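Engineer: Below is the file coords-v2.txt, which contains compact mmCIF, C-alpha atoms.
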# COMPACT_ATOMS: atom_id res chain seq x y z
CA MET A 1 82.01 106.01 112.87
CA ARG A 2 81.54 103.42 115.62
CA ALA A 3 84.59 102.88 117.84
CA ASP A 4 86.37 99.54 117.50
CA TRP A 5 86.19 98.56 121.17
CA ILE A 6 87.47 95.04 120.51
CA GLY A 7 90.49 96.48 118.74
CA ARG A 8 91.17 98.85 121.62
CA ILE A 9 90.94 96.04 124.15
CA LEU A 10 93.26 93.83 122.10
CA ARG A 11 95.78 96.62 121.76
CA ALA A 12 95.61 97.37 125.48
CA ILE A 13 96.21 93.71 126.38
CA TYR A 14 99.13 93.55 123.92
CA THR A 15 100.64 96.72 125.37
CA VAL A 16 100.28 95.56 128.97
CA VAL A 17 102.06 92.32 128.09
CA LEU A 18 104.89 94.29 126.46
CA TYR A 19 105.31 96.49 129.56
CA VAL A 20 105.35 93.42 131.79
CA LEU A 21 108.07 91.96 129.58
CA LEU A 22 110.02 95.23 129.47
CA PRO A 23 112.80 94.00 131.80
CA ILE A 24 113.45 91.19 129.33
CA THR A 25 114.43 93.76 126.69
CA VAL A 26 117.22 94.94 128.99
CA TYR A 27 118.30 91.34 129.62
CA HIS A 28 118.26 90.73 125.85
CA LEU A 29 120.48 93.74 125.17
CA VAL A 30 122.95 92.69 127.87
CA TRP A 31 122.98 89.06 126.72
CA ARG A 32 123.52 90.06 123.09
CA GLY A 33 126.09 92.63 124.17
CA PHE A 34 128.36 89.92 125.58
CA ARG A 35 128.33 88.33 122.13
CA HIS A 36 128.33 91.53 120.07
CA ASN A 37 129.62 94.61 121.88
CA ALA A 38 127.52 97.04 119.79
CA TYR A 39 124.39 95.93 121.68
CA PHE A 40 125.74 97.74 124.76
CA HIS A 41 125.48 101.09 122.99
CA ARG A 42 122.66 103.50 122.03
CA TRP A 43 120.02 102.00 124.32
CA ALA A 44 118.11 105.29 124.49
CA GLU A 45 117.17 105.02 120.80
CA ARG A 46 115.56 101.64 121.43
CA TYR A 47 113.16 103.33 123.86
CA GLY A 48 112.46 106.35 121.65
CA ILE A 49 114.65 108.78 123.60
CA TYR A 50 116.74 111.21 121.56
CA PRO A 51 119.20 113.84 122.81
CA HIS A 52 118.46 116.47 120.18
CA ALA A 53 115.53 118.84 119.89
CA THR A 54 112.59 117.98 117.67
CA ARG A 55 113.03 118.96 114.01
CA THR A 56 110.14 119.66 111.68
CA THR A 57 111.55 119.59 108.12
CA GLY A 58 110.52 116.88 105.66
CA VAL A 59 111.72 113.40 106.61
CA LEU A 60 111.25 110.27 104.50
CA TRP A 61 111.60 107.26 106.78
CA ILE A 62 112.73 103.80 105.61
CA HIS A 63 112.88 100.87 108.04
CA ALA A 64 115.13 97.91 107.18
CA VAL A 65 115.51 95.53 110.09
CA SER A 66 119.02 94.18 109.44
CA LEU A 67 121.86 93.74 106.97
CA GLY A 68 119.92 91.82 104.32
CA GLU A 69 117.02 94.26 104.29
CA VAL A 70 119.40 97.24 104.09
CA ASN A 71 121.10 95.68 101.08
CA ALA A 72 117.73 95.01 99.43
CA ALA A 73 116.58 98.59 100.10
CA ALA A 74 119.84 100.15 98.87
CA PRO A 75 118.79 100.67 95.20
CA LEU A 76 115.51 102.24 96.34
CA ILE A 77 117.24 104.52 98.85
CA ASP A 78 119.85 105.56 96.29
CA ALA A 79 117.12 106.39 93.77
CA LEU A 80 115.12 108.35 96.35
CA ARG A 81 118.21 110.33 97.33
CA LYS A 82 118.55 111.41 93.70
CA CYS A 83 114.92 112.13 92.88
CA ARG A 84 113.91 113.70 96.22
CA SER A 85 117.03 115.45 97.42
CA ASP A 86 114.77 117.99 99.16
CA LEU A 87 113.82 115.36 101.76
CA ARG A 88 115.95 114.15 104.66
CA LEU A 89 116.20 110.37 104.61
CA LEU A 90 115.99 108.52 107.91
CA VAL A 91 116.92 104.82 107.85
CA THR A 92 116.11 102.73 110.92
CA THR A 93 117.34 99.25 111.71
CA ILE A 94 117.10 96.91 114.68
CA THR A 95 120.45 95.14 114.56
CA PRO A 96 124.00 96.56 114.82
CA THR A 97 124.95 94.78 111.59
CA GLY A 98 122.18 96.67 109.81
CA SER A 99 123.35 99.89 111.44
CA ALA A 100 126.94 99.30 110.33
CA ARG A 101 125.79 98.62 106.76
CA VAL A 102 123.83 101.89 106.66
CA ARG A 103 126.96 103.79 107.67
CA ASP A 104 129.12 101.84 105.18
CA LEU A 105 126.78 102.66 102.30
CA TRP A 106 125.83 106.26 103.04
CA GLY A 107 127.92 107.55 105.93
CA HIS A 108 126.16 110.60 107.33
CA GLN A 109 124.32 111.39 104.10
CA VAL A 110 121.28 109.71 105.64
CA GLU A 111 120.19 109.80 109.27
CA HIS A 112 120.13 106.58 111.21
CA VAL A 113 118.73 105.42 114.55
CA TYR A 114 117.53 102.10 115.91
CA LEU A 115 113.78 101.56 115.65
CA PRO A 116 112.30 101.73 119.15
CA TYR A 117 110.60 98.80 120.81
CA ASP A 118 106.88 98.49 120.08
CA LEU A 119 105.77 100.40 123.16
CA PRO A 120 103.21 103.22 122.73
CA GLY A 121 105.36 105.79 124.53
CA ALA A 122 108.45 104.89 122.53
CA THR A 123 106.68 104.92 119.18
CA ARG A 124 104.97 108.26 119.96
CA ARG A 125 108.33 109.80 120.87
CA PHE A 126 109.81 108.48 117.63
CA PHE A 127 107.12 110.09 115.47
CA ALA A 128 107.11 113.31 117.50
CA HIS A 129 110.86 113.66 117.10
CA PHE A 130 111.29 112.88 113.41
CA ARG A 131 107.84 113.82 112.02
CA PRO A 132 108.16 111.73 108.83
CA VAL A 133 106.03 112.59 105.82
CA LEU A 134 105.96 108.93 104.74
CA GLY A 135 107.18 105.62 106.15
CA LEU A 136 108.48 102.74 104.04
CA ILE A 137 108.79 99.45 105.93
CA MET A 138 110.83 96.76 104.23
CA GLU A 139 109.70 93.13 104.00
CA THR A 140 107.97 91.72 107.13
CA GLU A 141 108.04 94.13 110.05
CA ILE A 142 104.51 94.18 111.49
CA TRP A 143 104.55 95.93 114.87
CA PRO A 144 100.98 96.80 115.93
CA ASN A 145 101.73 99.85 118.12
CA LEU A 146 104.07 101.26 115.49
CA LEU A 147 101.42 100.95 112.80
CA PHE A 148 98.60 102.30 114.99
CA THR A 149 100.72 105.25 116.14
CA ALA A 150 101.62 106.12 112.55
CA GLN A 151 97.92 106.27 111.74
CA GLU A 152 97.24 108.44 114.80
CA GLU A 153 100.06 110.80 113.80
CA GLY A 154 98.86 111.02 110.20
CA VAL A 155 101.94 109.29 108.72
CA PRO A 156 101.09 107.11 105.71
CA LEU A 157 102.93 103.77 105.65
CA HIS A 158 103.82 101.34 102.89
CA ILE A 159 105.18 97.86 103.44
CA LEU A 160 107.51 97.34 100.50
CA ASN A 161 109.13 94.20 99.12
CA ALA A 162 106.74 92.48 101.50
CA ARG A 163 107.15 88.77 102.07
CA LEU A 164 105.27 86.42 104.35
CA SER A 165 106.08 82.73 104.47
CA ALA A 166 103.52 80.07 105.27
CA ARG A 167 105.35 79.46 108.56
CA SER A 168 105.27 83.16 109.48
CA LEU A 169 101.56 83.28 108.68
CA ARG A 170 100.99 80.43 111.12
CA GLY A 171 103.17 82.20 113.69
CA TYR A 172 100.96 85.29 113.59
CA ARG A 173 97.85 83.20 114.30
CA VAL A 174 97.74 84.03 118.03
CA LEU A 175 97.90 87.77 117.33
CA ALA A 176 95.86 87.65 114.12
CA PRO A 177 92.86 89.70 115.42
CA LEU A 178 95.22 92.52 116.43
CA VAL A 179 97.65 92.21 113.52
CA SER A 180 94.81 92.27 110.98
CA ARG A 181 93.58 95.57 112.43
CA ALA A 182 97.11 96.98 112.42
CA LEU A 183 97.64 95.94 108.79
CA ARG A 184 94.53 97.81 107.72
CA THR A 185 96.12 101.10 108.84
CA VAL A 186 98.79 100.68 106.13
CA ARG A 187 98.31 102.54 102.86
CA LEU A 188 99.63 99.69 100.70
CA VAL A 189 101.36 96.32 100.99
CA ALA A 190 103.60 95.86 97.94
CA ALA A 191 104.36 92.14 97.93
CA GLN A 192 107.22 90.27 96.31
CA SER A 193 104.96 87.64 94.73
CA ASP A 194 101.35 86.63 94.24
CA GLU A 195 101.80 84.01 96.97
CA ASP A 196 103.06 86.62 99.44
CA ALA A 197 100.19 88.94 98.52
CA GLU A 198 97.64 86.16 99.12
CA ARG A 199 99.12 85.39 102.53
CA PHE A 200 98.95 89.05 103.59
CA VAL A 201 95.26 89.04 102.68
CA ARG A 202 94.78 85.89 104.74
CA LEU A 203 96.53 87.64 107.63
CA GLY A 204 93.95 90.40 107.50
CA ALA A 205 94.95 93.00 104.94
CA LEU A 206 92.18 94.10 102.60
CA PRO A 207 92.55 92.86 99.00
CA THR A 208 92.44 96.50 97.86
CA GLN A 209 95.52 97.22 100.01
CA VAL A 210 97.75 94.54 98.53
CA ARG A 211 99.58 94.42 95.20
CA ALA A 212 102.28 92.05 93.94
CA LEU A 213 104.99 94.30 92.47
CA GLY A 214 108.02 92.01 92.42
CA ASN A 215 111.18 91.58 94.43
CA LEU A 216 113.61 94.47 94.84
CA LYS A 217 116.46 92.01 95.30
CA PHE A 218 116.33 91.32 91.55
CA ASP A 219 117.36 94.95 91.06
CA VAL A 220 120.48 94.74 93.23
CA GLN A 221 123.34 95.09 90.80
CA ALA A 222 125.97 92.36 90.91
CA THR A 223 129.52 93.41 91.69
CA ASP A 224 131.59 93.04 88.51
CA ASP A 225 135.07 94.08 89.54
CA GLY A 226 137.72 92.42 87.42
CA LEU A 227 140.51 94.04 89.40
CA PHE A 228 139.14 92.54 92.62
CA ARG A 229 138.99 89.07 91.09
CA GLU A 230 142.50 89.37 89.74
CA ALA A 231 143.86 90.56 93.09
CA PHE A 232 142.12 87.67 94.83
CA ARG A 233 143.43 85.08 92.37
CA ALA A 234 146.94 86.52 92.45
CA ARG A 235 147.15 85.83 96.18
CA ALA A 236 144.95 82.74 96.53
CA GLY A 237 146.17 80.97 93.41
CA ARG A 238 144.22 79.53 90.50
CA ARG A 239 142.27 76.91 92.41
CA PRO A 240 138.62 76.01 93.05
CA ILE A 241 136.78 78.37 95.40
CA TRP A 242 133.81 77.28 97.52
CA ILE A 243 132.02 80.11 99.29
CA VAL A 244 129.93 79.28 102.37
CA ALA A 245 127.71 82.21 103.35
CA SER A 246 125.25 83.20 106.08
CA THR A 247 125.75 80.17 108.29
CA HIS A 248 124.41 79.94 111.83
CA GLU A 249 126.03 78.45 114.91
CA GLU A 250 124.22 75.12 114.58
CA GLU A 251 125.55 74.73 111.02
CA GLU A 252 129.22 75.32 111.78
CA GLY A 253 130.03 71.70 112.70
CA PRO A 254 128.34 70.33 109.55
CA VAL A 255 130.11 72.94 107.40
CA LEU A 256 133.52 71.81 108.66
CA SER A 257 132.54 68.19 108.03
CA MET A 258 131.38 69.08 104.52
CA PHE A 259 134.62 70.92 103.86
CA ARG A 260 136.72 67.92 104.82
CA ALA A 261 134.57 65.66 102.63
CA VAL A 262 134.87 67.96 99.62
CA ARG A 263 138.62 68.40 100.16
CA GLU A 264 139.08 64.64 99.92
CA GLN A 265 137.79 64.85 96.35
CA VAL A 266 139.14 68.33 95.48
CA PRO A 267 142.44 68.57 97.39
CA ASN A 268 143.37 72.14 96.44
CA LEU A 269 139.98 73.64 97.39
CA LEU A 270 139.84 76.99 99.20
CA MET A 271 136.75 77.70 101.31
CA VAL A 272 135.68 81.32 101.80
CA TRP A 273 133.44 81.36 104.88
CA ALA A 274 131.13 84.23 105.86
CA PRO A 275 129.18 83.44 109.06
CA ARG A 276 125.83 85.20 109.37
CA HIS A 277 126.61 87.00 112.64
CA PRO A 278 129.83 88.82 113.62
CA GLU A 279 129.92 87.16 117.03
CA ARG A 280 130.58 83.85 115.24
CA PHE A 281 133.77 85.02 113.53
CA ARG A 282 136.08 84.11 116.40
CA PRO A 283 134.46 80.74 117.28
CA VAL A 284 134.67 79.69 113.62
CA SER A 285 138.38 80.52 113.47
CA ILE A 286 138.99 78.59 116.70
CA SER A 287 137.11 75.55 115.39
CA ALA A 288 139.08 75.64 112.13
CA GLY A 289 142.38 75.90 114.02
CA ASN A 290 141.43 73.01 116.30
CA LEU A 291 140.98 70.84 113.21
CA GLY A 292 144.43 71.76 111.97
CA LEU A 293 143.18 73.88 109.09
CA ARG A 294 145.36 76.71 107.87
CA TRP A 295 143.21 79.84 107.87
CA SER A 296 143.44 83.59 107.37
CA ALA A 297 140.89 86.38 107.71
CA ARG A 298 139.90 89.39 105.65
CA SER A 299 140.37 91.77 108.60
CA ILE A 300 143.91 90.52 109.21
CA ALA A 301 145.50 89.39 105.95
CA THR A 302 143.24 91.09 103.34
CA TRP A 303 143.67 88.17 100.95
CA PRO A 304 144.01 84.40 101.37
CA GLY A 305 147.42 82.90 100.86
CA PRO A 306 148.16 80.06 98.41
CA GLU A 307 148.55 77.57 101.27
CA ASP A 308 145.40 78.55 103.16
CA ASP A 309 142.56 76.04 103.52
CA LEU A 310 140.03 78.56 104.80
CA PHE A 311 139.60 82.29 104.33
CA LEU A 312 137.29 83.86 106.91
CA LEU A 313 135.23 86.76 105.59
CA ASP A 314 134.93 88.63 108.89
CA THR A 315 133.91 92.00 107.48
CA LEU A 316 130.49 93.36 106.58
CA GLY A 317 129.20 94.49 103.20
CA GLU A 318 131.72 92.59 101.05
CA LEU A 319 129.94 89.31 100.46
CA ALA A 320 128.79 90.21 96.94
CA LYS A 321 132.39 90.83 95.84
CA PHE A 322 133.45 87.42 97.10
CA PHE A 323 130.52 85.66 95.43
CA ALA A 324 132.00 86.93 92.18
CA VAL A 325 135.24 84.97 92.72
CA ALA A 326 133.56 81.70 93.74
CA ASP A 327 132.95 78.55 91.70
CA VAL A 328 130.15 77.19 93.93
CA ALA A 329 128.14 78.78 96.75
CA PHE A 330 126.46 77.23 99.77
CA ILE A 331 123.87 79.47 101.48
CA GLY A 332 123.29 78.83 105.17
CA GLY A 333 120.20 79.00 107.32
CA SER A 334 119.11 76.00 105.27
CA LEU A 335 120.61 72.99 107.06
CA GLN A 336 118.64 73.92 110.19
CA PRO A 337 114.95 74.99 110.24
CA ILE A 338 115.89 78.68 110.05
CA GLY A 339 114.41 79.26 106.62
CA GLY A 340 117.38 80.19 104.45
CA HIS A 341 118.84 83.50 103.35
CA ASN A 342 119.19 85.61 100.21
CA LEU A 343 119.63 83.35 97.18
CA LEU A 344 119.49 86.09 94.57
CA GLU A 345 122.83 87.70 95.46
CA PRO A 346 124.90 84.66 94.45
CA ALA A 347 122.66 84.08 91.42
CA ALA A 348 123.30 87.67 90.29
CA ALA A 349 127.03 86.99 90.61
CA GLY A 350 126.70 83.98 88.33
CA VAL A 351 127.48 81.34 90.96
CA PRO A 352 125.85 77.88 91.05
CA ILE A 353 124.05 77.51 94.39
CA VAL A 354 123.64 74.54 96.73
CA THR A 355 121.54 74.70 99.90
CA GLY A 356 120.02 72.51 102.55
CA PRO A 357 116.28 71.74 102.58
CA HIS A 358 114.99 74.49 104.89
CA LEU A 359 114.07 77.38 102.60
CA HIS A 360 110.61 78.37 103.83
CA ASN A 361 111.52 82.07 104.12
CA PHE A 362 112.48 82.12 100.44
CA ALA A 363 110.19 79.45 99.06
CA ASP A 364 109.13 81.41 95.95
CA ILE A 365 112.67 82.43 95.03
CA ALA A 366 113.99 78.90 95.65
CA LYS A 367 111.24 77.46 93.42
CA ARG A 368 112.07 79.88 90.61
CA LEU A 369 115.81 79.24 90.90
CA ARG A 370 115.26 75.48 90.79
CA GLU A 371 113.03 75.83 87.73
CA ALA A 372 115.78 77.93 86.10
CA GLY A 373 118.30 75.19 86.86
CA ALA A 374 120.38 77.50 89.05
CA LEU A 375 119.87 75.85 92.46
CA ILE A 376 120.43 72.41 93.94
CA VAL A 377 118.52 71.69 97.16
CA ALA A 378 120.11 68.87 99.16
CA THR A 379 118.44 67.18 102.10
CA THR A 380 121.54 66.53 104.24
CA ALA A 381 125.03 67.91 104.76
CA ASP A 382 126.47 64.83 103.02
CA GLU A 383 124.32 65.55 99.97
CA VAL A 384 125.48 69.19 99.99
CA ALA A 385 129.09 67.99 99.94
CA ALA A 386 128.40 65.52 97.13
CA ALA A 387 126.62 68.14 94.99
CA THR A 388 129.46 70.59 95.57
CA VAL A 389 132.05 68.04 94.43
CA GLU A 390 129.97 67.29 91.34
CA LEU A 391 129.80 70.97 90.36
CA LEU A 392 133.50 71.54 90.97
CA ARG A 393 134.31 68.57 88.74
CA ASP A 394 131.77 69.33 86.00
CA PRO A 395 132.33 72.83 84.61
CA GLU A 396 129.64 72.35 81.96
CA GLN A 397 126.93 71.72 84.56
CA ALA A 398 128.23 74.66 86.61
CA ALA A 399 128.08 76.87 83.51
CA ARG A 400 124.46 75.86 82.82
CA MET A 401 123.48 76.69 86.39
CA ARG A 402 125.34 79.99 86.22
CA GLN A 403 123.53 80.96 83.02
CA GLY A 404 120.15 79.91 84.38
CA GLY A 405 120.60 82.15 87.42
CA LEU A 406 121.70 85.15 85.37
CA GLU A 407 118.75 84.80 83.01
CA LEU A 408 116.30 84.59 85.93
CA ILE A 409 117.78 87.74 87.47
CA ALA A 410 117.46 89.58 84.14
CA ARG A 411 113.79 88.56 83.79
CA GLY A 412 113.00 89.62 87.34
CA ARG A 413 114.27 93.18 87.17
CA GLY A 414 111.85 96.12 87.17
CA ALA A 415 110.44 96.17 90.70
CA LEU A 416 112.55 99.21 91.56
CA GLN A 417 110.81 101.45 89.05
CA ARG A 418 107.38 100.20 90.14
CA TYR A 419 108.22 100.96 93.78
CA LEU A 420 109.54 104.42 92.90
CA GLU A 421 106.30 105.29 91.11
CA LEU A 422 104.29 103.98 94.05
CA VAL A 423 106.25 106.00 96.60
CA ALA A 424 106.25 109.17 94.50
CA ALA A 425 102.45 109.20 94.47
CA ASP A 426 102.35 109.50 98.28
CA LEU A 427 105.15 112.03 98.75
CA PRO A 428 104.36 115.72 99.29
CA PRO A 429 105.25 118.24 96.58
CA ALA A 430 108.96 118.84 96.27
CA LEU A 431 110.31 121.32 98.78
CA LYS A 432 112.35 124.19 97.38
CA ARG A 433 115.96 123.98 98.40
CA GLN A 434 117.97 127.10 99.24
CA SER A 435 119.49 126.95 95.78
CA GLY A 436 115.96 127.05 94.41
CA SER A 437 116.24 123.72 92.67
CA ALA A 438 113.31 121.34 92.80
CA ALA A 439 113.46 117.60 93.16
CA LYS A 440 113.67 115.52 90.02
CA ARG A 441 111.24 112.94 88.80
CA PRO A 442 112.00 109.32 89.69
CA PRO A 443 114.67 107.97 87.34
CA ALA A 444 114.14 104.83 85.31
CA ALA A 445 115.49 101.78 87.07
Could you spell out this file's structure in structure tokens?
Structural biologist:
Amino acid sequence: MRADWIGRILRAIYTVVLYVLLPITVYHLVWRGFRHNAYFHRWAERYGIYPHATRTTGVLWIHAVSLGEVNAAAPLIDALRKCRSDLRLLVTTITPTGSARVRDLWGHQVEHVYLPYDLPGATRRFFAHFRPVLGLIMETEIWPNLLFTAQEEGVPLHILNARLSARSLRGYRVLAPLVSRALRTVRLVAAQSDEDAERFVRLGALPTQVRALGNLKFDVQATDDGLFREAFRARAGRRPIWIVASTHEEEEGPVLSMFRAVREQVPNLLMVWAPRHPERFRPVSISAGNLGLRWSARSIATWPGPEDDLFLLDTLGELAKFFAVADVAFIGGSLQPIGGHNLLEPAAAGVPIVTGPHLHNFADIAKRLREAGALIVATTADEVAAATVELLRDPEQAARMRQGGLELIARGRGALQRYLELVAADLPPALKRQSGSAAKRPPAA
């Protein structure tokens, strides 16, 4: 087989650039650390350096970059823990919020480290240390050296729940000759939709590598905890609840303006606000206080009081429970050209959804939710406020939107079982445990 000299040259250039930029990774960690203290810790993992000796037993590796990807992967990881209890599960993330969610969900029942930077030495040390039998990469993490090193180490990779927006496809254009070669080392790209599958092929994956198997986020079970809702209502009072989730710094001023506009029409409204990043919790509370709003926070008061204007959800992993108590949801990342965030979680909770116009990261899901009548896409913050008022005043319209979202979620389920069957085909035979029990077959989703 003739050597791919162009590919080698491209990879070498890419790697040299990464090494030249290496000091910037340290600057990035320090800069983020001043905003989120967890970035000051566990730097060695980010460079593929581990304090323990190499272990050689079977490891199934799942990479989920941050909180949202961990939540999406949770049903798959739970199912794999049941059907392949002979394997050690390693979950990698990049962000501290993802790391914290892994620990919240599974404690020390799964192993966790940060994924190293895409440097050849770091990726080789990662594979040499953990020796995974299979790697499952969630959504859109395409790191050329990681993929090439997996091939060199004989580790098959799948990209699962894969999504690729039109904007991301354009963003990869500069690296397309290298990324296309890296993609072809992957065993299979299991895409969320036909549109995502087509874009991966345009990026360079072979058509035989790509299949559209559906979105795992449809299989995330909604939280249905009547006791939680009753406890919330007992403290907050029986009043309209507007939940504002996954907002970014640039959206915080508009959110406060929207809240004041909605409160003029719905005077007893309570806003539950969950900023996207933990470092924004304190600035949001300061901004609310400066406007004279009465606020409390989940980490301090547990529940909102009957006189509170704003309840700050400053904990991780509880958003789904609070969607279930809301009357209307606004999902952030959509007023600014960020691309939006998970729309299926509020839909699964039966909450009518309003967003801004920037939804390019979730274009397919947004389209399907709009067709189901479960989503209103506004073009400005003023329009978001007006749509929110309309839904709070019109329970019949809110009920139709709620039902449309629930029906769409029900129709979309089933990806979990398809992914389990796909993964099972590439796993080694079950290892005998000391008790002598063998792993079970994948359960039905």
Engineer: Write out as a ChimeraX atom specification the residues lying within 12 Å of stretch 274-280 of chain A, counting all atoms listed in the file and excluding same-chain residues fewer than 2 positions away.
Structural biologist: /A:32-39,66-68,95-98,100,242-252,255,271-272,282-287,297-298,310-320,322-323,329-333,338,340-342
Engineer: Write out, as CSV, each residue of stretch 202-310 of chain A that has an atom at most 12 Å from stretch 120-143 of chain A, together with the closest pair of atoms and their distance in Å to one decimal, counting all atoms listed in the file, rows going by chain and rising number.
Structural biologist:
residue,atom,partner,partner_atom,distance
A:Leu203,CA,A:Ile142,CA,11.0
A:Gly204,CA,A:Ile142,CA,11.9
A:Ala205,CA,A:Ile142,CA,11.6
A:Gly214,CA,A:Glu139,CA,11.8
A:Asn215,CA,A:Glu139,CA,9.8
A:Leu216,CA,A:Glu139,CA,10.0
A:Lys217,CA,A:Glu139,CA,11.1
Engineer: Atom CA of A:Leu408 to atom CA of A:Ala74: how many Å, to one decimal?
Structural biologist: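 Separation of atom CA of A:Leu408 and atom CA of A:Ala74: 20.5 Å.
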Engineer: When you count only C-alpha atoms, which of these residues is closest to A:Val220: A:Leu344, A:Phe362, A:Val201, A:Tyr27?
Structural biologist: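 Once distances to A:Val220 are computed over only C-alpha atoms, the minimum belongs to A:Leu344.
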Engineer: Tell me, in Å to one decimal, how far atom CA of A:Asp426 is from atom CA of A:Ile94.
Structural biologist: 25.4 Å
Engineer: Provide the atom CA of A:Val110 to atom CA of A:Leu89 distance in Å, to one decimal place.
Structural biologist: 5.2 Å
Engineer: Between A:Ala372, A:Gly58, A:Ala399, A:Leu293, single out the one closest to A:Asp86, counting only C-alpha atoms.
Structural biologist: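 Using only C-alpha atoms, the shortest distance to A:Asp86 belongs to A:Gly58.
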Engineer: So which residues touch A:Ala236 within 10 Å, counting only C-alpha atoms, skipping near sequence neighbours fewer than 2 positions away, as a list of chain:residue names?
Structural biologist: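 Within the cut-off, the hits are A:Glu230, A:Ala231, A:Phe232, A:Arg233, A:Ala234, A:Arg238, A:Arg239, A:Pro240, A:Ile241, A:Leu270, A:Trp303, A:Pro304, A:Gly305, A:Pro306, A:Glu307, A:Asp308, A:Asp309, A:Phe311.
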Engineer: Given all atoms listed in the file as the basis, pick out the residue of A:Arg402, A:Arg46, A:Arg413, A:Arg199 nearest to A:Leu22.
Structural biologist: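 Checking each candidate against A:Leu22, we get A:Arg46 as the closest.
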